[in-house]
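Structure record follows, encoded as structure tokens.
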Amino acid sequence: MTVAARAAKLDALRAAAKRRIDEGEDWIGPLNRGLRLTGATWQESAQVCSNAVWHARRTGRDVLNDLESCPVPGADMSAVQHRTWWHLYFSALRFDFRCGAIRTVFQALDPPGAEHADPYIRAHEVFAVLGRSQPAGLGMLDDLLAEDHAAQSREVLHVVLQGLWLGHLLPGRAERILHLTGLPVLSRTADPVALMRTAGALRQLGRHRQALSVIDAAIEALPAGDPAVHADLVRERTLIGAALDLTHQPLGEQGQRTA
């Protein structure tokens with residue numbers, strides 16, 4: 001299969017999943033079969049599955065409930081036949097910020113079923129630890145990104161970036177976000193979510209004017225038809241604007257800020 005034909009096949013799987021979701025049909029079984037027949041890599045599966053889960057959430061589908069109707073895979077997350085289920089499951093938990101539930105799954109596996117799982121699956125454990133502001137997650141993050149292909153995966157980077165974004169008490173959090181969003185896989189194209197993470201980190205570092213420029217670029221880069229992400233971008237812009245107002249508000253004679 002040529003590169004173009006493979007890309008077209010994956011696009012068709014994405015479109016079919018969205019159509020089935022919109023029509024209230026079973027979408028997980030056909031998606032699993034399609035990915036296996038295509039011989040999708042873990043990177044391709046992660047991209048297609050995260051996209052499908054995001055679309056399902058936007059339409060009000062309960063992805064976790066849909067997954068309950070499918071056979072629950074074994075604890076070996078490295079098995080290709082189980083990959084789609086785990087990719088969908090962890091994506092659904094992450095989009096709902098359910099760090100505790102993710103940690104529970106990984107901690108319940110004995111021996112660790114994720115030991116040989118792909119980087120996208122393991123990134124969700126890192127996300128869950130980072131999201132709880134636990135410093136141990138920083139070492140886990142470094143170990144994950146040191147592995148082959150992990151730091152070259154847009155989906156892996158978005159998972160761990162979301163964990164850093166949630167982990168407000170983590171030391172060096174803003175600097176780490178800037179490092180990750182500066183990696184080529186995210187910086188070579190205008191990625192709205194990566195730009196939003198960058199803007200937030202710049203705001204935390206007091207670089208408000210630069211943050212404002214970056215968040216405006218994120219808003220311009222966002223395709224039409226994604227109101228949830230647009231709301232997040234506008235919220236970040238509001239925070240930057242408020243920080244700018246405070247920073248540039250003049251002081252009165254007694255050292256109090258004037259109205």
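Following the order of the structure tokens, chains are lettered A, B, ..., residues in each are numbered from 1, and ligands are numbered from 1.
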
message = At a cut-off of 9 Å, using only C-alpha atoms, what residues contact Val48 (chain A)? Leave out same-chain residues fewer than 2 positions from it and give the result as an MDAnalysis selection string.
response = chainID A and resid 10:11 13:14 31 35 43:46 50:53

message = as a list in words, please: the residues near Pro192 (chain A) (cut-off 10 Å, only C-alpha atoms, same-chain neighbours under 4 positions excluded).
response =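 Listing them by chain and then by number gives Leu186, Met196, Arg197, Thr198, Val214, Ile215, Asp216, Ala217, Ala218, Ile219, Glu220, Ala221, Leu222, Pro223, Val229, His230 and Leu233 of chain A.
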
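Considering the residues A:Gln47, A:Ser187, A:Thr2, A:Thr41 and counting only C-alpha atoms, Ser91 (chain A) has its shortest atom-to-atom contact with A:Gln47.
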
Residue neighbourhood region 236-243 of chain A, 8 Å, only C-alpha atoms, exclusion window fewer than 4 positions, as a tab-separated table (two decimals) with all heavy atoms, in the first residue's frame:
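For reference, around30.tsv as written:
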```
chain	number	residue	atom	x	y	z
A	196	MET	N	-2.06	27.05	22.36
A	196	MET	CA	-2.75	27.44	23.60
A	196	MET	C	-1.91	27.07	24.82
A	196	MET	O	-1.80	27.85	25.77
A	196	MET	CB	-4.11	26.76	23.68
A	196	MET	CG	-4.90	27.10	24.94
A	196	MET	SD	-6.49	26.25	25.04
A	196	MET	CE	-5.96	24.53	25.26
A	199	ALA	N	0.89	29.56	25.05
A	199	ALA	CA	0.42	30.85	25.55
A	199	ALA	C	0.22	30.82	27.05
A	199	ALA	O	0.59	31.76	27.77
A	199	ALA	CB	-0.87	31.25	24.84
A	200	GLY	N	-0.34	29.74	27.56
A	200	GLY	CA	-0.55	29.62	29.00
A	200	GLY	C	0.76	29.60	29.77
A	200	GLY	O	0.88	30.21	30.84
A	203	ARG	N	2.20	33.06	29.82
A	203	ARG	CA	1.47	33.88	30.80
A	203	ARG	C	1.99	33.63	32.20
A	203	ARG	O	2.19	34.56	32.98
A	203	ARG	CB	-0.03	33.57	30.71
A	203	ARG	CG	-0.87	34.19	31.83
A	203	ARG	CD	-2.35	33.94	31.62
A	203	ARG	NE	-2.70	32.55	31.47
A	203	ARG	CZ	-2.83	31.69	32.47
A	203	ARG	NH1	-2.62	32.08	33.72
A	203	ARG	NH2	-3.17	30.43	32.24
A	208	HIS	N	3.55	38.35	29.00
A	208	HIS	CA	2.14	38.50	28.63
A	208	HIS	C	1.94	38.95	27.19
A	208	HIS	O	1.02	38.47	26.51
A	208	HIS	CB	1.47	39.48	29.59
A	208	HIS	CG	1.55	39.05	31.02
A	208	HIS	ND1	1.99	39.87	32.03
A	208	HIS	CD2	1.28	37.85	31.61
A	208	HIS	CE1	1.98	39.22	33.19
A	208	HIS	NE2	1.55	37.99	32.95
A	211	ALA	N	2.51	36.06	25.03
A	211	ALA	CA	1.40	35.12	25.20
A	211	ALA	C	0.18	35.56	24.40
A	211	ALA	O	-0.50	34.73	23.78
A	211	ALA	CB	1.05	35.01	26.69
A	212	LEU	N	-0.08	36.86	24.41
A	212	LEU	CA	-1.23	37.37	23.66
A	212	LEU	C	-1.06	37.12	22.17
A	212	LEU	O	-2.02	36.71	21.48
A	212	LEU	CB	-1.39	38.86	23.93
A	212	LEU	CG	-2.62	39.53	23.31
A	212	LEU	CD1	-3.91	38.95	23.89
A	212	LEU	CD2	-2.58	41.05	23.54
A	215	ILE	N	-1.67	33.30	21.54
A	215	ILE	CA	-3.05	32.84	21.64
A	215	ILE	C	-3.87	33.35	20.47
A	215	ILE	O	-4.78	32.67	19.98
A	215	ILE	CB	-3.70	33.25	22.99
A	215	ILE	CG1	-4.95	32.39	23.25
A	215	ILE	CG2	-4.04	34.72	23.03
A	215	ILE	CD1	-4.71	30.93	23.42
A	216	ASP	N	-3.56	34.53	19.97
A	216	ASP	CA	-4.25	35.04	18.78
A	216	ASP	C	-3.93	34.17	17.57
A	216	ASP	O	-4.81	33.91	16.73
A	216	ASP	CB	-3.87	36.49	18.52
A	216	ASP	CG	-4.57	37.46	19.46
A	216	ASP	OD1	-5.55	37.04	20.12
A	216	ASP	OD2	-4.14	38.62	19.56
A	232	ASP	N	-12.00	27.16	24.97
A	232	ASP	CA	-10.76	27.07	25.75
A	232	ASP	C	-9.77	28.17	25.34
A	232	ASP	O	-9.11	28.78	26.19
A	232	ASP	CB	-10.10	25.71	25.55
A	232	ASP	CG	-10.86	24.58	26.25
A	232	ASP	OD1	-11.65	24.89	27.17
A	232	ASP	OD2	-10.66	23.42	25.87
A	247	THR	N	-0.70	43.99	35.13
A	247	THR	CA	0.71	44.34	34.99
A	247	THR	C	0.91	45.80	34.62
A	247	THR	O	1.82	46.46	35.11
A	247	THR	CB	1.37	43.46	33.91
A	247	THR	OG1	1.22	42.09	34.27
A	247	THR	CG2	2.85	43.78	33.77
```

task = Point out the residue among A:Ile177, A:Ala108, A:Asp143, A:Cys49 with the least atom-to-atom distance to Gln204 (chain A), counting only C-alpha atoms.
result = A:Ile177

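The gap separating CA of Ala150 (chain A) from CA of Val185 (chain A) is 10.8 Å, in Å to one decimal.
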
request  = Point out the residue among A:Ala201, A:Leu130, A:Leu157, A:Leu244 with the least atom-to-atom distance to Leu170 (chain A), counting only C-alpha atoms.
outcome  = A:Leu130

Which residues are near Leu64 (chain A)? Cut-off 9 Å, only C-alpha atoms, ignore same chain within fewer than 5 positions. Put them as a PDB file with all heavy atoms, in the first residue's frame.
```pdb
ATOM      1  N   LEU A  88      -8.995   3.848  22.894  1.00  0.00           N
ATOM      2  CA  LEU A  88     -10.268   4.540  23.071  1.00  0.00           C
ATOM      3  C   LEU A  88     -10.556   4.777  24.554  1.00  0.00           C
ATOM      4  O   LEU A  88     -11.002   5.866  24.953  1.00  0.00           O
ATOM      5  CB  LEU A  88     -11.400   3.720  22.449  1.00  0.00           C
ATOM      6  CG  LEU A  88     -11.373   3.564  20.927  1.00  0.00           C
ATOM      7  CD1 LEU A  88     -12.447   2.569  20.485  1.00  0.00           C
ATOM      8  CD2 LEU A  88     -11.569   4.893  20.212  1.00  0.00           C
ATOM      9  N   TYR A  89     -10.304   3.781  25.361  1.00  0.00           N
ATOM     10  CA  TYR A  89     -10.617   3.846  26.793  1.00  0.00           C
ATOM     11  C   TYR A  89      -9.822   4.945  27.489  1.00  0.00           C
ATOM     12  O   TYR A  89     -10.383   5.797  28.195  1.00  0.00           O
ATOM     13  CB  TYR A  89     -10.324   2.488  27.419  1.00  0.00           C
ATOM     14  CG  TYR A  89     -10.601   2.392  28.898  1.00  0.00           C
ATOM     15  CD1 TYR A  89     -11.902   2.478  29.396  1.00  0.00           C
ATOM     16  CD2 TYR A  89      -9.562   2.174  29.801  1.00  0.00           C
ATOM     17  CE1 TYR A  89     -12.154   2.367  30.759  1.00  0.00           C
ATOM     18  CE2 TYR A  89      -9.806   2.059  31.156  1.00  0.00           C
ATOM     19  CZ  TYR A  89     -11.105   2.166  31.631  1.00  0.00           C
ATOM     20  OH  TYR A  89     -11.347   2.056  32.973  1.00  0.00           O
ATOM     21  N   ALA A  92     -10.817   8.459  26.363  1.00  0.00           N
ATOM     22  CA  ALA A  92     -12.078   8.909  26.969  1.00  0.00           C
ATOM     23  C   ALA A  92     -11.864   9.364  28.408  1.00  0.00           C
ATOM     24  O   ALA A  92     -12.400  10.402  28.833  1.00  0.00           O
ATOM     25  CB  ALA A  92     -13.112   7.782  26.913  1.00  0.00           C
ATOM     26  N   LEU A  93     -11.094   8.614  29.187  1.00  0.00           N
ATOM     27  CA  LEU A  93     -10.822   8.999  30.568  1.00  0.00           C
ATOM     28  C   LEU A  93     -10.033  10.305  30.622  1.00  0.00           C
ATOM     29  O   LEU A  93     -10.308  11.178  31.460  1.00  0.00           O
ATOM     30  CB  LEU A  93     -10.048   7.897  31.284  1.00  0.00           C
ATOM     31  CG  LEU A  93     -10.813   6.594  31.583  1.00  0.00           C
ATOM     32  CD1 LEU A  93      -9.870   5.565  32.209  1.00  0.00           C
ATOM     33  CD2 LEU A  93     -12.000   6.850  32.505  1.00  0.00           C
TER      34      LEU A  93
END
```

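For the pair CA of Val193 (chain A) and CA of Arg58 (chain A), the interatomic distance is 16.5 Å.
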
ask   = Of the candidates A:Lys18, A:His82, A:Arg36, A:His149, which one gets nearest to Arg57 (chain A) if we count only C-alpha atoms?
value =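 That would be A:Lys18, the residue with the smallest distance to Arg57 (chain A).
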
task = Can you work out which one of A:Leu169, A:Leu161, A:Ala194, A:Ala146 has the shortest atom-to-atom distance to Gln134 (chain A), counting only C-alpha atoms?
result = A:Leu169

request  = Could you give me, as number ranges by chain, each residue of region 71-236 of chain A that DSSP assigns to helix (DSSP H, G or I) when run on this structure's backbone?
outcome  = A: 80-95, 99-108, 119-131, 136-145, 150-152, 154-166, 173-181, 184-187, 192-204, 208-221, 227-236

Keeping only C-alpha atoms, write the selected residues as a short mmCIF file (atom, residue, chain, number, x, y, z; two decimals), in the first residue's frame.
```cif
data_model
loop_
_atom_site.label_atom_id
_atom_site.label_comp_id
_atom_site.auth_asym_id
_atom_site.auth_seq_id
_atom_site.Cartn_x
_atom_site.Cartn_y
_atom_site.Cartn_z
CA VAL A 80 -2.31 -5.63 18.91
CA GLN A 81 -5.82 -7.10 19.05
CA HIS A 82 -6.46 -5.15 22.27
CA ARG A 83 -4.91 -1.87 21.18
CA THR A 84 -7.99 -0.10 19.81
CA TRP A 85 -9.98 -0.74 23.00
CA TRP A 86 -7.21 0.61 25.23
CA HIS A 87 -6.58 3.63 23.01
CA LEU A 88 -10.27 4.54 23.07
CA TYR A 89 -10.62 3.85 26.79
CA PHE A 90 -7.70 5.94 27.96
CA SER A 91 -8.55 8.76 25.56
CA ALA A 92 -12.08 8.91 26.97
CA LEU A 93 -10.82 9.00 30.57
CA ARG A 94 -8.24 11.66 29.76
CA PHE A 95 -10.67 13.98 28.02
CA CYS A 99 -6.60 10.93 36.57
CA GLY A 100 -7.61 8.73 39.50
CA ALA A 101 -9.40 6.21 37.29
CA ILE A 102 -6.40 5.94 34.97
CA ARG A 103 -4.02 5.40 37.88
CA THR A 104 -6.32 2.72 39.30
CA VAL A 105 -6.20 0.77 36.04
CA PHE A 106 -2.41 0.79 35.86
CA GLN A 107 -1.96 0.00 39.55
CA ALA A 108 -4.34 -2.96 39.34
CA PRO A 119 4.04 4.94 24.13
CA TYR A 120 0.53 6.34 23.63
CA ILE A 121 -0.89 3.97 26.24
CA ARG A 122 1.95 4.61 28.68
CA ALA A 123 1.63 8.35 28.17
CA HIS A 124 -1.74 8.19 29.90
CA GLU A 125 -0.20 6.92 33.12
CA VAL A 126 2.26 9.82 32.92
CA PHE A 127 -0.67 12.17 32.30
CA ALA A 128 -2.48 10.88 35.38
CA VAL A 129 0.52 11.34 37.67
CA LEU A 130 1.36 14.78 36.27
CA GLY A 131 -2.28 15.82 36.48
CA ALA A 136 7.34 11.59 40.22
CA GLY A 137 5.51 12.23 36.96
CA LEU A 138 8.37 14.42 35.74
CA GLY A 139 10.79 11.50 35.86
CA MET A 140 8.21 9.28 34.17
CA LEU A 141 7.82 11.94 31.48
CA ASP A 142 11.57 12.05 30.82
CA ASP A 143 11.76 8.26 30.63
CA LEU A 144 8.85 8.08 28.20
CA LEU A 145 10.15 10.75 25.84
CA ALA A 150 7.66 8.79 21.59
CA ALA A 151 8.82 12.40 21.26
CA GLN A 152 8.00 12.30 17.54
CA ARG A 154 1.97 14.41 18.19
CA GLU A 155 -0.59 12.36 20.11
CA VAL A 156 1.88 11.35 22.84
CA LEU A 157 3.01 14.95 23.27
CA HIS A 158 -0.57 16.19 23.56
CA VAL A 159 -1.30 13.60 26.26
CA VAL A 160 1.65 14.61 28.45
CA LEU A 161 1.13 18.31 27.75
CA GLN A 162 -2.40 18.01 29.07
CA GLY A 163 -0.99 16.40 32.20
CA LEU A 164 1.49 19.25 32.68
CA TRP A 165 -1.30 21.75 32.11
CA LEU A 166 -3.37 20.12 34.87
CA ARG A 173 5.96 23.29 34.73
CA ALA A 174 5.86 26.29 32.37
CA GLU A 175 9.41 25.73 31.11
CA ARG A 176 8.67 22.07 30.38
CA ILE A 177 5.55 23.00 28.43
CA LEU A 178 7.55 25.45 26.31
CA HIS A 179 10.17 22.79 25.66
CA LEU A 180 7.60 20.25 24.49
CA THR A 181 5.60 22.64 22.33
CA PRO A 184 9.45 19.97 15.67
CA VAL A 185 6.41 17.69 15.52
CA LEU A 186 4.31 20.42 17.18
CA SER A 187 6.11 23.61 16.15
CA PRO A 192 -4.06 25.38 17.96
CA VAL A 193 -3.94 23.30 21.14
CA ALA A 194 -0.14 23.34 21.30
CA LEU A 195 -0.22 27.10 20.77
CA MET A 196 -2.75 27.44 23.60
CA ARG A 197 -0.46 25.47 25.93
CA THR A 198 2.43 27.71 24.86
CA ALA A 199 0.42 30.85 25.55
CA GLY A 200 -0.55 29.62 29.00
CA ALA A 201 3.06 28.85 29.88
CA LEU A 202 4.18 32.28 28.68
CA ARG A 203 1.47 33.88 30.80
CA GLN A 204 2.70 32.02 33.87
CA HIS A 208 2.14 38.50 28.63
CA ARG A 209 2.56 40.34 25.33
CA GLN A 210 4.17 37.29 23.74
CA ALA A 211 1.40 35.12 25.20
CA LEU A 212 -1.23 37.37 23.66
CA SER A 213 0.39 37.08 20.24
CA VAL A 214 0.55 33.28 20.51
CA ILE A 215 -3.05 32.84 21.64
CA ASP A 216 -4.25 35.04 18.78
CA ALA A 217 -2.31 32.79 16.39
CA ALA A 218 -4.02 29.76 17.98
CA ILE A 219 -7.46 31.27 17.44
CA GLU A 220 -6.65 32.00 13.80
CA ALA A 221 -5.35 28.45 13.26
CA PRO A 227 -16.66 25.24 19.71
CA ALA A 228 -15.22 23.42 22.74
CA VAL A 229 -11.62 24.17 21.77
CA HIS A 230 -12.59 27.69 20.72
CA ALA A 231 -14.03 28.27 24.20
CA ASP A 232 -10.76 27.07 25.75
CA LEU A 233 -8.78 29.46 23.55
CA VAL A 234 -11.01 32.39 24.43
CA ARG A 235 -10.73 31.52 28.12
CA GLU A 236 -6.93 31.55 27.90
#
```

key: Option closest in space to Asp22 (chain A), from A:Arg61, A:Val3, A:Lys9, A:Thr38 [counting only C-alpha atoms]   =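 Ranking A:Arg61, A:Val3, A:Lys9, A:Thr38 by distance to Asp22 (chain A), first place goes to A:Arg61.
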